[in-house]
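Below you'll find the structure, written out as C-alpha cells, and then a few comments.
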Amino acid sequence: MAGRVFTVAQQKGGAGKTTLVAHLAVLWSGLGRRVAVIDIDPQGSLSRWVAIRSEVRREAGTDGHPGFTFSQIAGWRLATEAERLARDHDAVLVDSPPHAETEARIAVRAASLVVVPVQPSPMDLWATRPTLELAVTERRPLMLVVNRMPARARLADEMISRLTSLGIGVAEATLGNRVAFAETLAEGAGVSESEPNSTATQEITALGEELWARAAHPVA
Ligand SMILES: Nc1ncnc2c1ncn2[C@@H]1O[C@H](COP(=O)(O)OP(=O)(O)OP(=O)(O)O)[C@@H](O)[C@H]1O
Ligand SMILES: [Mg+2]
C-alpha cells in the first residue's frame, strides 16, 4: 500500500512549517515507520537541519544517515517525487515555502493530508485563508495545527471552537511555545530523541498520532 503524503503548507512565513516537518520526521522514524522528507523551499532551512544532523551522526561514528530518506528538489518536480517515495515509505513529509502560490498549489495537490500550522492570533488566522482555499479547490483534506499555543489561551480556545463550528478541521493536539522545539533543531535533532520526557515530546507525539489517524481516513 502506498504511504501517506503529508504536505505542511501555510502561505504565511514563520508559522512553524519546517519545525513541524522536522519533529514529525524524527518522531515517526523513531517509531520504526519508513519516512521520507522532501524540501521544496528554496530557503532550504530543512536541508540545513538535515546536513547538521548527518554531520552530528558522522561525528558520533555512524555513516551519517539521518534516519529517513531526504530529498531537496524544485517544486515543479514534487508530484513525481512524492509519488515515487510514497511507494516504499509509510509517510512522505513535504516542507513547502511561504508566499509561493504555484509551489503551494503543487504541494497541496500532492498531499493525502494538508497540515497547516497557525499561531493563535487573529492576524495569523486571516493569513491562513489562501492556504485553506487552496485545499478546498484541490479537494484535499486539511488539518489546522495551533502552534505556539500560550499557556493561558482564552483567545486560542475561542479561535479553535469557531473554526470547528465552521467545519474546518483543527487538531486537538497543540504545540506550546517551547525553546526545546527550536534548540533541538539547531543541533540537528528532534525533541522526541533529545528530550524524550519533555512536554514538547508529549505534544508532538499526541499531534503525530492524530495526524496519522486522520490521514488513514482521508474524508475531506
Ligand atoms: N512551537 C514553537 N516553539 C518555539 N519556537 C518555535 C515553535 N514553532 C516554531 N518556532 C520557531 O519559530 C521560527 C519559525 O519557525 P519555522 O522556521 O518552522 O517556520 P516556517 O513556517 O517554516 O517559516 P518559513 O515560512 O520561513 O519557511 C523558528 O525560529 C522556529 O524555531
Ligand atoms: Mg520553513
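Simple scheme: letters A, B, ... for chains in C-alpha cells order, numbers from 1 for residues in each chain, numbers from 1 for ligands in the order shown.
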Give one line per residue of chain A that approaches ligand 1 to at most 10 Å, naming the two atoms of the closest pair and their distance in Å to one decimal, counting only C-alpha atoms and all ligand atoms; sort by chain then ascending residue number and deliver it as a tab-separated table.
residue	atom	partner	partner_atom_place_in_ligand_line	distance
A:Val8	CA	ligand 1	21 (O)	8.7
A:Ala9	CA	ligand 1	21 (O)	7.9
A:Gln10	CA	ligand 1	21 (O)	6.8
A:Gln11	CA	ligand 1	25 (O)	7.1
A:Lys12	CA	ligand 1	25 (O)	6.0
A:Gly13	CA	ligand 1	25 (O)	3.1
A:Gly14	CA	ligand 1	23 (O)	3.3
A:Ala15	CA	ligand 1	21 (O)	3.9
A:Gly16	CA	ligand 1	18 (O)	3.3
A:Lys17	CA	ligand 1	22 (O)	3.8
A:Thr18	CA	ligand 1	22 (O)	3.8
A:Thr19	CA	ligand 1	18 (O)	3.7
A:Leu20	CA	ligand 1	18 (O)	6.4
A:Val21	CA	ligand 1	18 (O)	8.1
A:Ala22	CA	ligand 1	18 (O)	8.6
A:His23	CA	ligand 1	18 (O)	9.9
A:Asp41	CA	ligand 1	27 (O)	7.1
A:Pro42	CA	ligand 1	27 (O)	9.3
A:Gln43	CA	ligand 1	27 (O)	7.2
A:Gly44	CA	ligand 1	27 (O)	8.5
A:Ser45	CA	ligand 1	17 (O)	7.1
A:Leu46	CA	ligand 1	22 (O)	8.2
A:Asp95	CA	ligand 1	22 (O)	7.5
A:Ser96	CA	ligand 1	27 (O)	7.1
A:Pro97	CA	ligand 1	27 (O)	5.3
A:Pro98	CA	ligand 1	25 (O)	4.4
A:His99	CA	ligand 1	25 (O)	7.8
A:Ala100	CA	ligand 1	25 (O)	9.9
A:Val116	CA	ligand 1	21 (O)	9.3
A:Pro117	CA	ligand 1	21 (O)	7.5
A:Val118	CA	ligand 1	21 (O)	8.8
A:Gln119	CA	ligand 1	8 (N)	8.7
A:Val146	CA	ligand 1	1 (N)	8.9
A:Asn147	CA	ligand 1	1 (N)	5.2
A:Arg148	CA	ligand 1	1 (N)	4.3
A:Met149	CA	ligand 1	1 (N)	7.4
A:Pro150	CA	ligand 1	1 (N)	9.7
A:Thr174	CA	ligand 1	1 (N)	8.7
A:Leu175	CA	ligand 1	1 (N)	5.2
A:Gly176	CA	ligand 1	1 (N)	5.1
A:Asn177	CA	ligand 1	3 (N)	3.6
A:Arg178	CA	ligand 1	3 (N)	4.0
A:Val179	CA	ligand 1	4 (C)	5.1
A:Ala180	CA	ligand 1	4 (C)	7.0
A:Phe181	CA	ligand 1	3 (N)	5.3
A:Ala182	CA	ligand 1	31 (O)	3.7
A:Glu183	CA	ligand 1	31 (O)	7.2
A:Thr184	CA	ligand 1	31 (O)	9.0
A:Leu185	CA	ligand 1	31 (O)	7.3
A:Ala186	CA	ligand 1	31 (O)	8.4
A:Ala200	CA	ligand 1	1 (N)	8.3
A:Glu203	CA	ligand 1	1 (N)	9.6
A:Ile204	CA	ligand 1	1 (N)	9.6
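Near stretch 51-64 of chain A, within a cut-off of 7 Å and counting only C-alpha atoms, sit the residues A:Glu187, A:Gly188, A:Ala189, with same-chain residues fewer than 5 positions away left out.
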Same residues, N, CA and C atoms, output as a compact mmCIF listing (two decimals), in the first residue's frame:
# COMPACT_ATOMS: atom_id res chain seq x y z
N GLU A 187 20.58 21.63 16.77
CA GLU A 187 21.56 20.54 16.96
C GLU A 187 21.33 19.40 15.97
N GLY A 188 20.46 19.62 15.00
CA GLY A 188 20.18 18.57 14.01
C GLY A 188 19.33 17.44 14.57
N ALA A 189 18.64 17.72 15.66
CA ALA A 189 17.86 16.66 16.31
C ALA A 189 16.36 16.99 16.30
re atom CA of A:Ala213 and atom CA of A:Ala173: distance 12.6 Å
Which residues are close to A:Ser29, i.e. within 7 Å by only C-alpha atoms, leaving aside same-chain residues fewer than 5 positions away? Reply as a short mmCIF file (atom, residue, chain, number, x, y, z; two decimals) with C-alpha atoms, in the first residue's frame.
data_model
loop_
_atom_site.label_atom_id
_atom_site.label_comp_id
_atom_site.auth_asym_id
_atom_site.auth_seq_id
_atom_site.Cartn_x
_atom_site.Cartn_y
_atom_site.Cartn_z
CA ARG A 34 9.64 4.41 6.93
CA VAL A 35 9.77 8.17 6.48
CA GLY A 67 17.25 8.02 9.80
CA PHE A 68 14.89 8.90 6.96
#
Selection near A:Gly75, 8 Å with only C-alpha atoms, sequence-local residues under 6 positions removed, as a ChimeraX atom specification = /A:40-41,103,106-107
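Using only C-alpha atoms, the nearest neighbour of A:Leu155 within the list A:Ala36, A:Leu93, A:Arg77, A:Ser121 is A:Ser121.
Minimum atom-to-atom distance to ligand 2, evaluated using only C-alpha atoms and all ligand atoms, belongs to A:Val94 out of A:Ala86, A:Leu31, A:Val94, A:Ala151.
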